[in-house]
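Have a look at coords.tsv; it's TSV, C-alpha atoms:
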```
chain	number	residue	atom	x	y	z
A	667	MET	CA	152.91	76.47	66.71
A	668	TYR	CA	150.37	78.28	64.56
A	669	LYS	CA	147.63	77.16	66.96
A	670	SER	CA	149.58	78.50	69.94
A	671	ILE	CA	150.06	81.91	68.33
A	672	LYS	CA	146.38	82.01	67.47
A	673	LEU	CA	145.47	81.13	71.06
A	674	ILE	CA	147.82	83.77	72.49
A	675	SER	CA	146.37	86.38	70.11
A	676	LEU	CA	142.88	85.40	71.13
A	677	LEU	CA	143.69	85.58	74.84
A	678	THR	CA	145.43	88.94	74.42
A	679	GLY	CA	142.44	90.24	72.50
A	680	MET	CA	140.06	89.04	75.19
A	681	THR	CA	142.15	90.64	77.93
A	682	LEU	CA	142.14	93.95	76.06
A	683	LEU	CA	138.42	93.73	75.50
A	684	SER	CA	137.89	92.92	79.15
A	685	ALA	CA	139.99	95.90	80.25
A	686	CYS	CA	138.02	98.16	77.93
A	687	ALA	CA	134.67	96.88	79.16
A	688	VAL	CA	135.70	97.51	82.75
A	689	GLN	CA	135.99	101.22	82.00
A	690	SER	CA	132.39	101.60	80.89
A	691	ALA	CA	131.25	99.09	83.41
A	692	THR	CA	132.82	100.93	86.34
A	693	GLN	CA	129.74	102.50	87.82
A	694	VAL	CA	127.16	102.02	85.08
A	695	LYS	CA	127.05	98.30	85.77
A	696	THR	CA	127.01	98.85	89.54
A	697	PHE	CA	124.14	101.27	89.01
A	698	THR	CA	122.16	98.89	86.79
A	699	ASN	CA	122.75	95.96	89.14
A	700	ALA	CA	121.50	97.98	92.10
A	701	SER	CA	118.52	99.31	90.11
A	702	SER	CA	117.51	95.88	88.82
A	703	ASP	CA	117.73	94.40	92.32
A	704	LEU	CA	115.65	97.20	93.77
A	705	VAL	CA	112.95	96.77	91.11
A	706	ILE	CA	112.83	93.03	91.80
A	707	GLU	CA	112.63	93.70	95.53
A	708	THR	CA	109.74	96.13	94.98
A	709	GLN	CA	107.89	93.62	92.81
A	710	ASP	CA	108.46	90.84	95.35
A	711	LEU	CA	107.14	92.99	98.14
A	712	MET	CA	104.05	93.90	96.19
A	713	ASN	CA	103.53	90.27	95.24
A	714	GLU	CA	103.81	89.18	98.84
A	715	LEU	CA	101.26	91.75	99.90
A	716	ASP	CA	99.09	90.66	97.00
A	717	ASP	CA	99.15	87.13	98.35
A	718	SER	CA	97.06	88.48	101.23
A	719	THR	CA	94.15	88.85	98.79
A	720	ILE	CA	94.46	85.20	97.86
A	721	ASP	CA	94.72	84.21	101.55
A	722	ARG	CA	91.70	86.31	102.46
A	723	LYS	CA	89.68	84.59	99.74
A	724	LEU	CA	90.87	81.17	100.89
A	725	TYR	CA	89.91	81.96	104.48
A	726	LEU	CA	86.47	83.17	103.48
A	727	LEU	CA	86.03	80.08	101.35
A	728	ALA	CA	87.23	77.81	104.15
A	729	THR	CA	84.66	79.31	106.53
A	730	ASP	CA	81.82	78.82	104.03
A	731	GLU	CA	80.69	75.46	105.35
A	732	ASN	CA	77.91	74.96	102.79
A	733	LYS	CA	80.21	75.62	99.90
A	734	ILE	CA	83.04	73.51	101.26
A	735	SER	CA	80.85	70.53	102.05
A	736	SER	CA	78.59	70.51	99.02
A	737	SER	CA	79.45	72.65	96.03
A	738	LEU	CA	83.17	73.48	95.98
A	739	SER	CA	84.34	73.39	92.37
A	740	ILE	CA	87.36	74.03	90.18
A	741	GLU	CA	85.69	77.30	89.09
A	742	ASP	CA	85.59	78.50	92.72
A	743	LEU	CA	89.33	77.96	93.00
A	744	GLN	CA	90.00	79.54	89.59
A	745	LYS	CA	88.29	82.72	90.80
A	746	ILE	CA	90.84	83.11	93.59
A	747	ARG	CA	93.49	85.55	92.45
A	748	GLY	CA	95.28	88.65	93.71
A	749	ILE	CA	94.81	92.33	92.97
A	750	TYR	CA	97.86	92.55	90.73
A	751	SER	CA	96.72	89.91	88.28
A	752	THR	CA	93.91	90.02	85.78
A	753	PRO	CA	91.36	87.24	85.14
A	754	GLN	CA	93.51	86.25	82.14
A	755	GLY	CA	96.43	85.67	84.46
A	756	GLN	CA	98.28	88.78	83.28
A	757	LYS	CA	100.08	91.13	85.61
A	758	ALA	CA	98.64	94.54	86.45
A	759	PRO	CA	100.11	97.59	84.63
A	760	VAL	CA	102.04	98.73	87.71
A	761	MET	CA	103.87	95.39	87.85
A	762	LYS	CA	104.51	95.48	84.10
A	763	ALA	CA	105.80	99.05	84.42
A	764	LEU	CA	108.28	97.86	87.03
A	765	SER	CA	109.26	95.05	84.64
A	766	ALA	CA	109.89	97.63	81.90
A	767	LEU	CA	112.25	99.54	84.22
A	768	TYR	CA	113.97	96.25	85.06
A	769	GLN	CA	114.38	95.38	81.38
A	770	TYR	CA	115.83	98.83	80.66
A	771	SER	CA	118.26	98.57	83.54
A	772	GLU	CA	119.38	95.05	82.60
A	773	SER	CA	119.87	96.00	78.94
A	774	LEU	CA	121.93	99.05	79.84
A	775	GLY	CA	124.04	96.93	82.18
A	776	MET	CA	124.53	94.33	79.46
A	777	LEU	CA	125.53	96.99	76.94
A	778	SER	CA	128.10	98.40	79.34
A	779	THR	CA	129.87	95.08	79.85
A	780	ALA	CA	129.24	93.12	76.65
A	781	MET	CA	132.41	91.61	75.22
A	782	LEU	CA	130.95	90.20	72.03
A	783	ARG	CA	129.07	91.81	69.20
A	784	GLU	CA	126.18	89.34	69.63
A	785	ASP	CA	125.76	90.50	73.23
A	786	ILE	CA	125.72	94.13	72.11
A	787	ASP	CA	123.02	93.27	69.57
A	788	GLN	CA	121.04	91.41	72.20
A	789	ALA	CA	121.37	94.33	74.63
A	790	ALA	CA	120.24	96.76	71.91
A	791	GLN	CA	117.24	94.58	71.07
A	792	ASN	CA	116.24	94.39	74.75
A	793	LEU	CA	116.76	98.11	75.11
A	794	TYR	CA	114.34	98.93	72.26
A	795	GLY	CA	111.91	96.45	73.78
A	796	SER	CA	112.15	98.25	77.11
A	797	PHE	CA	111.53	101.65	75.45
A	798	ASN	CA	108.35	100.25	73.86
A	799	SER	CA	107.29	98.65	77.11
A	800	MET	CA	107.93	101.83	79.11
A	801	GLY	CA	105.71	103.74	76.68
A	802	THR	CA	102.92	101.17	76.72
A	803	GLN	CA	102.86	100.83	80.50
A	804	TYR	CA	103.02	104.60	81.00
A	805	GLN	CA	99.96	104.93	78.81
A	806	LYS	CA	98.15	102.23	80.77
A	807	LEU	CA	98.99	103.81	84.11
A	808	THR	CA	98.23	107.40	83.22
A	809	ARG	CA	96.07	107.22	80.09
A	810	LYS	CA	98.50	109.68	78.55
A	811	SER	CA	100.81	108.80	75.71
A	812	LEU	CA	104.55	108.89	76.03
A	813	GLN	CA	105.90	110.31	72.78
A	814	ARG	CA	108.98	108.45	71.62
A	815	ASN	CA	111.80	110.59	70.39
A	816	GLU	CA	112.33	108.82	67.06
A	817	LYS	CA	115.26	111.04	66.16
A	818	ALA	CA	117.06	110.16	69.37
A	819	LEU	CA	116.28	106.46	68.80
A	820	GLY	CA	117.82	106.74	65.34
A	821	VAL	CA	120.96	108.30	66.80
A	822	ILE	CA	121.18	105.55	69.42
A	823	THR	CA	120.79	102.84	66.77
A	824	THR	CA	123.60	104.37	64.72
A	825	LEU	CA	125.82	104.67	67.77
A	826	ILE	CA	125.21	101.07	68.84
A	827	ASP	CA	125.92	99.86	65.31
A	828	GLY	CA	129.08	101.95	65.37
A	829	ILE	CA	130.47	100.09	68.38
A	830	GLY	CA	131.68	97.58	65.82
A	831	VAL	CA	132.52	93.91	65.81
A	832	VAL	CA	135.68	94.52	67.79
A	833	ILE	CA	134.21	96.58	70.54
A	834	VAL	CA	135.57	100.13	70.58
A	835	GLU	CA	135.26	101.44	74.10
A	836	GLN	CA	135.00	105.08	73.17
A	837	LYS	CA	132.08	104.34	70.86
A	838	ARG	CA	130.39	102.23	73.50
A	839	ARG	CA	130.66	105.12	75.95
A	840	LYS	CA	129.14	107.49	73.42
A	841	ALA	CA	126.22	105.11	72.90
A	842	ILE	CA	125.65	104.70	76.65
A	843	LYS	CA	125.79	108.45	77.11
A	844	GLU	CA	123.11	109.05	74.47
A	845	ILE	CA	120.93	106.24	75.77
A	846	VAL	CA	121.03	107.48	79.36
A	847	ILE	CA	120.43	111.13	78.42
A	848	ASN	CA	117.55	110.31	76.08
A	849	SER	CA	115.96	107.73	78.36
A	850	ASP	CA	116.02	109.88	81.46
A	851	PRO	CA	112.75	111.77	80.77
A	852	TYR	CA	110.95	108.44	80.16
A	853	VAL	CA	112.43	106.81	83.25
A	854	ALA	CA	111.41	109.85	85.31
A	855	LEU	CA	107.85	109.96	83.95
A	856	LEU	CA	107.35	106.23	84.37
A	857	ALA	CA	108.80	106.33	87.89
A	858	ASP	CA	106.35	109.12	88.80
A	859	ALA	CA	103.46	107.11	87.37
A	860	ILE	CA	104.50	104.00	89.33
A	861	TYR	CA	104.95	106.12	92.46
A	862	ASP	CA	101.35	107.34	92.15
A	863	LYS	CA	100.01	103.81	91.77
A	864	ILE	CA	101.97	102.09	94.54
A	865	GLY	CA	99.88	102.03	97.68
A	866	GLN	CA	96.63	102.65	95.83
A	867	ASN	CA	95.21	99.40	97.20
A	868	ILE	CA	96.53	99.76	100.72
A	869	ASP	CA	92.98	99.97	102.13
A	870	VAL	CA	92.08	96.66	100.53
A	871	LEU	CA	95.25	94.97	101.70
A	872	LYS	CA	94.60	96.06	105.27
A	873	LEU	CA	91.08	94.67	105.05
A	874	ASN	CA	92.51	91.41	103.75
A	875	TYR	CA	94.95	91.09	106.63
A	876	ARG	CA	92.30	92.03	109.16
A	877	GLN	CA	89.91	89.41	107.80
A	878	ILE	CA	92.57	86.72	107.97
A	879	LEU	CA	93.60	87.78	111.48
A	880	ASN	CA	89.99	87.91	112.65
A	881	GLU	CA	89.38	84.38	111.45
A	882	ARG	CA	92.53	83.15	113.15
A	883	ILE	CA	91.60	84.89	116.40
A	884	VAL	CA	88.06	83.49	116.29
A	885	SER	CA	89.50	80.03	115.74
A	886	PHE	CA	91.97	80.55	118.62
A	887	ARG	CA	89.22	81.70	120.98
A	888	LYS	CA	87.31	78.48	120.42
A	889	ARG	CA	90.32	76.28	121.19
A	890	ALA	CA	92.23	78.38	123.70
A	891	LEU	CA	90.72	77.06	126.92
A	892	LYS	CA	91.66	73.50	126.01
A	893	MET	CA	95.28	74.49	125.49
A	894	LYS	CA	98.07	74.54	128.04
A	895	ILE	CA	99.18	78.01	129.06
A	896	GLU	CA	102.48	77.62	127.17
A	897	THR	CA	100.67	76.69	123.97
A	898	ARG	CA	98.34	79.66	124.40
A	899	VAL	CA	101.31	82.01	124.76
A	900	LYS	CA	102.93	80.48	121.67
A	901	LYS	CA	99.76	80.97	119.62
A	902	LEU	CA	99.28	84.48	121.00
A	903	ARG	CA	102.84	85.33	120.04
A	904	GLU	CA	102.11	84.22	116.47
A	905	LEU	CA	98.97	86.34	116.39
A	906	LYS	CA	100.87	89.28	117.83
A	907	MET	CA	103.47	88.97	115.04
A	908	GLU	CA	100.72	88.97	112.43
A	909	THR	CA	99.21	92.06	114.03
A	910	ASP	CA	102.61	93.73	113.76
A	911	TYR	CA	102.67	92.96	110.01
A	912	LEU	CA	99.28	94.61	109.72
A	913	ASP	CA	100.64	97.68	111.45
A	914	SER	CA	103.68	97.78	109.16
A	915	ILE	CA	101.78	97.84	105.85
A	916	ASP	CA	101.92	101.65	105.66
A	917	ALA	CA	105.68	101.62	106.27
A	918	ILE	CA	106.20	98.90	103.65
A	919	TYR	CA	104.38	100.87	100.99
A	920	ALA	CA	106.12	104.09	101.98
A	921	THR	CA	109.45	102.30	101.45
A	922	ALA	CA	108.36	100.91	98.09
A	923	LYS	CA	107.42	104.42	96.97
A	924	GLN	CA	110.72	105.76	98.28
A	925	ALA	CA	112.51	103.07	96.23
A	926	VAL	CA	110.90	104.22	93.00
A	927	LEU	CA	111.88	107.82	93.73
A	928	ALA	CA	115.43	106.73	94.55
A	929	LEU	CA	115.65	104.98	91.16
A	930	LYS	CA	114.47	108.11	89.39
A	931	LYS	CA	116.94	110.25	91.30
A	932	ALA	CA	119.84	107.87	90.70
A	933	HIS	CA	119.12	107.77	86.97
A	934	ALA	CA	119.17	111.58	86.89
A	935	VAL	CA	122.56	111.51	88.65
A	936	LEU	CA	123.80	108.97	86.07
A	937	ARG	CA	122.53	111.28	83.30
A	938	ASP	CA	124.41	114.24	84.79
A	939	THR	CA	127.55	112.14	85.15
A	940	VAL	CA	127.61	110.78	81.60
A	941	SER	CA	126.67	114.22	80.25
A	942	GLN	CA	130.09	115.34	81.44
A	943	ASP	CA	131.65	112.34	79.67
A	944	LYS	CA	132.36	110.73	83.02
A	945	PHE	CA	131.36	107.23	83.98
A	946	SER	CA	131.84	107.53	87.71
A	947	SER	CA	131.34	110.25	90.29
A	948	ALA	CA	130.96	110.71	94.02
A	949	GLN	CA	127.30	111.68	93.52
A	950	LEU	CA	126.65	108.49	91.57
A	951	SER	CA	128.30	106.44	94.31
A	952	GLN	CA	126.02	108.13	96.82
A	953	ALA	CA	122.91	107.46	94.71
A	954	ILE	CA	123.88	103.79	94.30
A	955	GLY	CA	124.46	103.61	98.06
A	956	ASP	CA	120.96	104.98	98.66
A	957	ILE	CA	119.47	102.35	96.36
A	958	ASN	CA	121.39	99.58	98.11
A	959	SER	CA	120.33	100.68	101.56
A	960	LEU	CA	116.65	100.81	100.48
A	961	LYS	CA	117.07	97.37	98.95
A	962	LYS	CA	118.27	95.98	102.30
A	963	HIS	CA	115.39	97.67	104.08
A	964	MET	CA	112.88	96.12	101.71
A	965	LYS	CA	114.50	92.72	101.99
A	966	SER	CA	113.97	92.84	105.73
A	967	PHE	CA	110.27	93.55	105.18
A	968	SER	CA	110.03	90.67	102.73
A	969	ARG	CA	111.63	88.33	105.24
A	970	ALA	CA	109.23	89.45	107.94
A	971	LEU	CA	106.27	88.90	105.65
B	303	MET	CA	84.70	105.06	91.72
B	304	SER	CA	86.46	106.07	94.89
B	305	THR	CA	83.30	107.00	96.80
B	306	LEU	CA	81.81	103.55	96.35
B	307	ARG	CA	85.12	101.97	97.19
B	308	LYS	CA	85.59	104.18	100.25
B	309	ASN	CA	82.13	103.38	101.57
B	310	LEU	CA	82.60	99.68	100.92
B	311	THR	CA	85.91	99.57	102.79
B	312	ASP	CA	84.46	101.64	105.66
B	313	THR	CA	81.52	99.25	105.95
B	314	LEU	CA	83.78	96.21	105.82
B	315	ASN	CA	85.98	97.73	108.53
B	316	GLU	CA	83.01	98.20	110.83
B	317	LEU	CA	81.65	94.73	110.11
B	318	GLN	CA	85.07	93.21	110.80
B	319	SER	CA	85.16	94.96	114.18
B	320	LEU	CA	81.65	93.80	115.01
B	321	MET	CA	82.54	90.26	114.02
B	322	MET	CA	85.06	90.25	116.85
B	323	ALA	CA	82.63	91.59	119.44
B	324	ASN	CA	80.95	89.32	121.97
B	325	ILE	CA	78.21	88.04	119.67
B	326	THR	CA	76.80	84.54	119.13
B	327	ASP	CA	78.37	82.08	116.71
B	328	GLU	CA	75.23	82.22	114.64
B	329	GLN	CA	75.36	86.01	114.39
B	330	ARG	CA	79.05	85.81	113.52
B	331	GLU	CA	78.36	83.30	110.77
B	332	THR	CA	75.64	85.50	109.28
B	333	LEU	CA	77.93	88.53	109.45
B	334	ARG	CA	80.64	86.50	107.78
B	335	LYS	CA	78.29	85.68	104.91
B	336	ARG	CA	77.60	89.38	104.43
B	337	ILE	CA	81.33	90.18	104.63
B	338	ARG	CA	82.06	87.48	102.04
B	339	ILE	CA	79.66	89.07	99.56
B	340	LEU	CA	80.83	92.62	100.27
B	341	PHE	CA	84.42	91.54	99.61
B	342	ALA	CA	83.34	90.02	96.27
B	343	GLN	CA	81.62	93.31	95.46
B	344	LEU	CA	84.72	95.24	96.50
B	345	ASP	CA	86.85	93.11	94.16
B	346	GLU	CA	84.41	94.00	91.38
B	347	VAL	CA	84.53	97.71	92.24
B	348	LEU	CA	88.33	97.56	91.89
B	349	VAL	CA	87.97	96.14	88.38
B	350	GLN	CA	84.98	98.08	87.05
B	351	ASP	CA	85.55	101.63	85.92
B	352	LEU	CA	82.49	103.13	87.60
B	353	SER	CA	81.69	106.78	87.26
B	354	ASP	CA	78.07	107.10	88.06
B	355	SER	CA	75.73	109.48	89.76
B	356	SER	CA	72.51	107.59	89.08
B	357	ASP	CA	69.82	107.00	91.71
B	358	ASP	CA	70.93	103.36	92.07
B	359	PHE	CA	74.48	104.49	92.71
B	360	ASN	CA	73.49	107.06	95.32
B	361	GLN	CA	71.16	104.58	97.00
B	362	ALA	CA	73.97	102.06	97.24
B	363	LEU	CA	76.22	104.68	98.87
B	364	ALA	CA	73.52	105.63	101.37
B	365	ALA	CA	72.79	101.96	102.17
B	366	LEU	CA	76.50	101.29	102.79
B	367	GLN	CA	76.69	104.27	105.13
B	368	ASN	CA	73.61	102.98	107.02
B	369	SER	CA	75.20	99.56	107.35
B	370	ALA	CA	78.50	101.01	108.62
B	371	GLN	CA	76.74	103.24	111.13
B	372	ALA	CA	74.58	100.37	112.36
B	373	ALA	CA	77.66	98.16	112.80
B	374	GLU	CA	79.39	100.86	114.80
B	375	ASP	CA	76.32	101.28	117.04
B	376	ALA	CA	75.98	97.53	117.53
B	377	LYS	CA	79.48	97.21	118.98
B	378	ASN	CA	78.07	98.76	122.16
B	379	ASP	CA	74.67	97.10	121.97
B	380	ILE	CA	74.64	93.59	120.58
B	381	ASP	CA	70.86	93.59	120.47
B	382	LYS	CA	71.32	95.71	117.36
B	383	VAL	CA	73.24	93.00	115.44
B	384	ALA	CA	70.07	91.81	113.70
B	385	SER	CA	69.55	95.32	112.37
B	386	VAL	CA	73.14	95.40	111.05
B	387	ILE	CA	72.57	92.13	109.24
B	388	ASN	CA	69.41	93.48	107.59
B	389	LYS	CA	70.94	96.82	106.69
B	390	THR	CA	73.98	95.10	105.19
B	391	ALA	CA	71.71	92.84	103.14
B	392	ASP	CA	69.99	95.98	101.89
B	393	ALA	CA	73.34	97.54	100.96
B	394	ILE	CA	74.39	94.37	99.13
B	395	GLY	CA	71.13	94.38	97.15
B	396	LYS	CA	71.55	98.01	96.19
B	397	LEU	CA	75.19	97.50	95.21
B	398	GLU	CA	74.12	94.58	93.04
B	399	LYS	CA	71.88	96.93	91.07
B	400	VAL	CA	74.98	98.99	90.24
B	401	LEU	CA	77.50	96.18	89.74
B	402	LYS	CA	75.20	93.57	88.15
B	403	MET	CA	77.22	90.57	89.31
B	404	GLY	CA	74.26	88.24	89.67
B	405	ILE	CA	74.52	88.08	93.47
B	406	LYS	CA	71.55	86.88	95.50
B	407	ILE	CA	71.39	86.78	99.29
B	408	VAL	CA	70.15	83.39	100.48
B	409	ALA	CA	70.17	83.98	104.24
```

What would the structure in this file look like if it were written as structure tokens?
Amino acid sequence: MYKSIKLISLLTGMTLLSACAVQSATQVKTFTNASSDLVIETQDLMNELDDSTIDRKLYLLATDENKISSSLSIEDLQKIRGIYSTPQGQKAPVMKALSALYQYSESLGMLSTAMLREDIDQAAQNLYGSFNSMGTQYQKLTRKSLQRNEKALGVITTLIDGIGVVIVEQKRRKAIKEIVINSDPYVALLADAIYDKIGQNIDVLKLNYRQILNERIVSFRKRALKMKIETRVKKLRELKMETDYLDSIDAIYATAKQAVLALKKAHAVLRDTVSQDKFSSAQLSQAIGDINSLKKHMKSFSRAL
Amino acid sequence: MSTLRKNLTDTLNELQSLMMANITDEQRETLRKRIRILFAQLDEVLVQDLSDSSDDFNQALAALQNSAQAAEDAKNDIDKVASVINKTADAIGKLEKVLKMGIKIVA
């Protein structure tokens, strides 16, 4: 009997908590989900393009007959890496900056839906980590420092602590509001810095693709006359597709840049919305819609690549 | 340094086009060797923070421009491919003086 009452109380409590979380989660969580997905999509796209550097190096190595037949070594293979990774295997600052935005977005999303105090604490910890990371990566990208607003951080810490063990929705909203308002300048600055860096290596990527395509065409030329006409057409179609990818590199990068601007804009809309103590608005819906449509666009590029 | 990078990518572009022209396999292979080294030098330029206006630097820029121009000319006159190969070797040597990667041209 006692156990049943306890279970009913627990279930009722959980239902209430869940209903409360839904309020904050309404559009904040939809926003953070869309933002996180878009960041991942941007990173994936840049990684896939970066693979072209590795492929170009492999092709040039494969055509080096002396090296291949006599002196190929582990060291030669270790030297093969992309533009976005350092010799130590670390990611380039632009990729880390995107990761910092992802971490921020995920933490905010977690904070808006967390049902347990431990999850709130975890979200807060990740959030502070993302603030540090945003600052570090901004400095690496721009060589300028991003001054943290320690006072605002103190207020945020107090507000998060104030959410309590039994999560009080009103307090959670207040914390989210302060976080979004205070983070917005950092998100905007970092987004601008990422925007400037995306596409910086487009010339190199085009050279990579051209080198790979050239080698494939040279190889095709040598074998083409021994092929049946149908096989030739099949191979030519493949080469044509690869040429189309080469032609789409500018568009891919333009979309990736657009995505970063869309994130910045959407965060500003979220800031304006929470500033009015609202957690949903038509403008926010529109901004989330823009992010989602860019995400789909980028996914189609990724598939093509 | 963007100028060095720009000249390197321009030269590589021209050499890539020439590689696809109606030249002999032997010429293509030699061009490929030059391209391979120029790409390695380009990778280094992307990593090194070069801001230089020394004689070596300016000579490397001029040599890259000569190589690119020669490659463009050779697309219409394949008798000039040998000159492209020599001019590119010269550019590689001059770039090496700036980048100090320990590159030597064997052939």

Completion exercise
Shortest contact to Asp703 of chain A, candidates A:Val853, A:Leu767, A:Leu950, A:Ala920, atoms counted only C-alpha atoms, goes to A:Leu767

All residues 8 Å or closer to segment 859-876 of chain A, only C-alpha atoms, same chain fewer than 5 positions away omitted, as an mmCIF file with C-alpha atoms, in the frame of the given file:
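Below you can see selection_5.cif, which holds the result:
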```
data_model
loop_
_atom_site.group_PDB
_atom_site.id
_atom_site.type_symbol
_atom_site.label_atom_id
_atom_site.label_comp_id
_atom_site.auth_asym_id
_atom_site.auth_seq_id
_atom_site.Cartn_x
_atom_site.Cartn_y
_atom_site.Cartn_z
ATOM 1 C CA LEU A 715 101.260 91.750 99.900
ATOM 2 C CA ASP A 716 99.090 90.660 97.000
ATOM 3 C CA SER A 718 97.060 88.480 101.230
ATOM 4 C CA THR A 719 94.150 88.850 98.790
ATOM 5 C CA ASP A 721 94.720 84.210 101.550
ATOM 6 C CA ARG A 722 91.700 86.310 102.460
ATOM 7 C CA VAL A 760 102.040 98.730 87.710
ATOM 8 C CA ALA A 763 105.800 99.050 84.420
ATOM 9 C CA LEU A 764 108.280 97.860 87.030
ATOM 10 C CA TYR A 804 103.020 104.600 81.000
ATOM 11 C CA LEU A 807 98.990 103.810 84.110
ATOM 12 C CA THR A 808 98.230 107.400 83.220
ATOM 13 C CA LEU A 912 99.280 94.610 109.720
ATOM 14 C CA ILE A 915 101.780 97.840 105.850
ATOM 15 C CA ASP A 916 101.920 101.650 105.660
ATOM 16 C CA TYR A 919 104.380 100.870 100.990
ATOM 17 C CA ALA A 920 106.120 104.090 101.980
ATOM 18 C CA ALA A 922 108.360 100.910 98.090
ATOM 19 C CA LYS A 923 107.420 104.420 96.970
ATOM 20 C CA VAL A 926 110.900 104.220 93.000
ATOM 21 C CA LEU A 927 111.880 107.820 93.730
ATOM 22 C CA THR B 311 85.910 99.570 102.790
ATOM 23 C CA LEU B 314 83.780 96.210 105.820
ATOM 24 C CA ASN B 315 85.980 97.730 108.530
ATOM 25 C CA GLN B 318 85.070 93.210 110.800
#
```

Problem - Atom-to-atom span, atom CA of Lys843 of chain A and atom CA of Asp938 of chain A, Å - result: 9.7 Å

With all atoms listed in the file counted and 12 Å as the cut-off, give the residues of chain B in contact with chain A, each with its shortest interatomic distance in Å and the pair that gives it, as CSV.
```
residue,atom,partner,partner_atom,distance
B:Ser304,CA,A:Gln866,CA,10.8
B:Arg307,CA,A:Val870,CA,9.4
B:Lys308,CA,A:Asp869,CA,8.7
B:Asn309,CA,A:Asp869,CA,11.4
B:Leu310,CA,A:Val870,CA,10.0
B:Thr311,CA,A:Asp869,CA,7.1
B:Asp312,CA,A:Asp869,CA,9.4
B:Thr313,CA,A:Leu873,CA,10.6
B:Leu314,CA,A:Leu873,CA,7.5
B:Asn315,CA,A:Leu873,CA,6.9
B:Glu316,CA,A:Leu873,CA,10.5
B:Leu317,CA,A:Gln877,CA,10.1
B:Gln318,CA,A:Gln877,CA,6.8
B:Ser319,CA,A:Asn880,CA,8.7
B:Leu320,CA,A:Asn880,CA,10.5
B:Met321,CA,A:Asn880,CA,7.9
B:Met322,CA,A:Asn880,CA,6.9
B:Ala323,CA,A:Val884,CA,10.2
B:Asn324,CA,A:Val884,CA,10.8
B:Ile325,CA,A:Val884,CA,11.4
B:Thr326,CA,A:Val884,CA,11.7
B:Asp327,CA,A:Val884,CA,9.8
B:Arg330,CA,A:Val884,CA,9.7
B:Glu331,CA,A:Thr729,CA,8.6
B:Thr332,CA,A:Asp730,CA,10.5
B:Leu333,CA,A:Leu726,CA,11.7
B:Arg334,CA,A:Leu726,CA,8.0
B:Lys335,CA,A:Asp730,CA,7.8
B:Arg336,CA,A:Leu726,CA,10.9
B:Ile337,CA,A:Leu726,CA,8.8
B:Arg338,CA,A:Leu726,CA,6.3
B:Ile339,CA,A:Leu726,CA,9.8
B:Leu340,CA,A:Leu726,CA,11.5
B:Phe341,CA,A:Lys723,CA,8.7
B:Ala342,CA,A:Lys723,CA,9.0
B:Leu344,CA,A:Val870,CA,8.5
B:Asp345,CA,A:Ile749,CA,8.1
B:Glu346,CA,A:Ile749,CA,10.7
B:Val347,CA,A:Val870,CA,11.3
B:Leu348,CA,A:Ile749,CA,8.4
B:Val349,CA,A:Thr752,CA,8.9
B:Val408,CA,A:Asn732,CA,11.7
B:Ala409,CA,A:Asn732,CA,12.0
```

Handout entry: Within 12 Å of Leu825 of chain A using only C-alpha atoms, minus same-chain residues under 2 positions, as a PyMOL selection string
Key = chain A and resi 777+786-787+790+818-823+827-830+833-845

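Excluding Asn388 of chain B and any residue on its chain fewer than 6 positions from it, the residues at most 12 Å away by only C-alpha atoms are Gln329, Thr332, Leu333, Arg336, Ala365, Leu366, Asn368, Ser369, Ala370, Ala372, Ala373, Lys382, Ile394, Gly395, Ile407 and Ala409 of chain B.
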
Mind working out the centre and edge lengths of an axis-aligned box for segment 917-930 of chain A, all listed atoms inside, 3 Å added to each side, rounded to one decimal in Å and written as AutoDock Vina command-line options?
```
--center_x 110.0 --center_y 103.5 --center_z 97.8 --size_x 17.3 --size_y 15.2 --size_z 22.9
```

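Closest approach to Leu812 of chain A among A:Ala934, A:Met893, A:Ile878, A:Ala854: A:Ala854, based on only C-alpha atoms.
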
Practice task
For each of A:Ala932, A:Ala766, A:Leu704, A:Val899, take the minimum atom-to-atom distance to Met964 of chain A, counting only C-alpha atoms, then give the residue where this is smallest.
Solution key: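 Closest to Met964 of chain A of all the choices is A:Leu704.
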
Exercise for the section: One decimal, Å: what's the distance from atom CA of Arg747 of chain A over to atom CA of Ile706 of chain A, could you say? Expected result: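 That distance, rounded to one decimal, is 20.7 Å.
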
Practice task
May I ask for the distance between atom CA of Ile734 of chain A and atom CA of Ile746 of chain A, given in Å to one decimal place?
Solution key: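 Here the two named atoms are 14.6 Å from each other.
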
Exercise for the section: Find, counting only C-alpha atoms, the residue in B:Lys396, B:Val386, B:Asp379, B:Gly404 that gets nearest to Leu306 of chain B. Expected result: B:Lys396

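For the set B:Thr305, B:Gln350, B:Thr390, B:Ser356, the residue with the smallest atom-to-atom gap to Gln371 of chain B is B:Thr390, counting all atoms listed in the file.
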
Exercise for the section: For Leu902 of chain A, list every protein, DNA or RNA residue within 10 Å, evaluated using only C-alpha atoms, and leave out those in the same chain fewer than 4 positions away; present the list as a PyMOL selection string. Expected result: chain A and resi 883+886+890+896-898+906-908

Handout entry: Surrounding residues of Gln949 of chain A excluding itself and chain neighbours under 2 positions, 9 Å, only C-alpha atoms, as a list in words
Key =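 Non-adjacent residues within range: Ala932, Val935, Leu936, Thr939, Ser946, Ser947, Ser951, Gln952, Ala953 and Ile954 of chain A.
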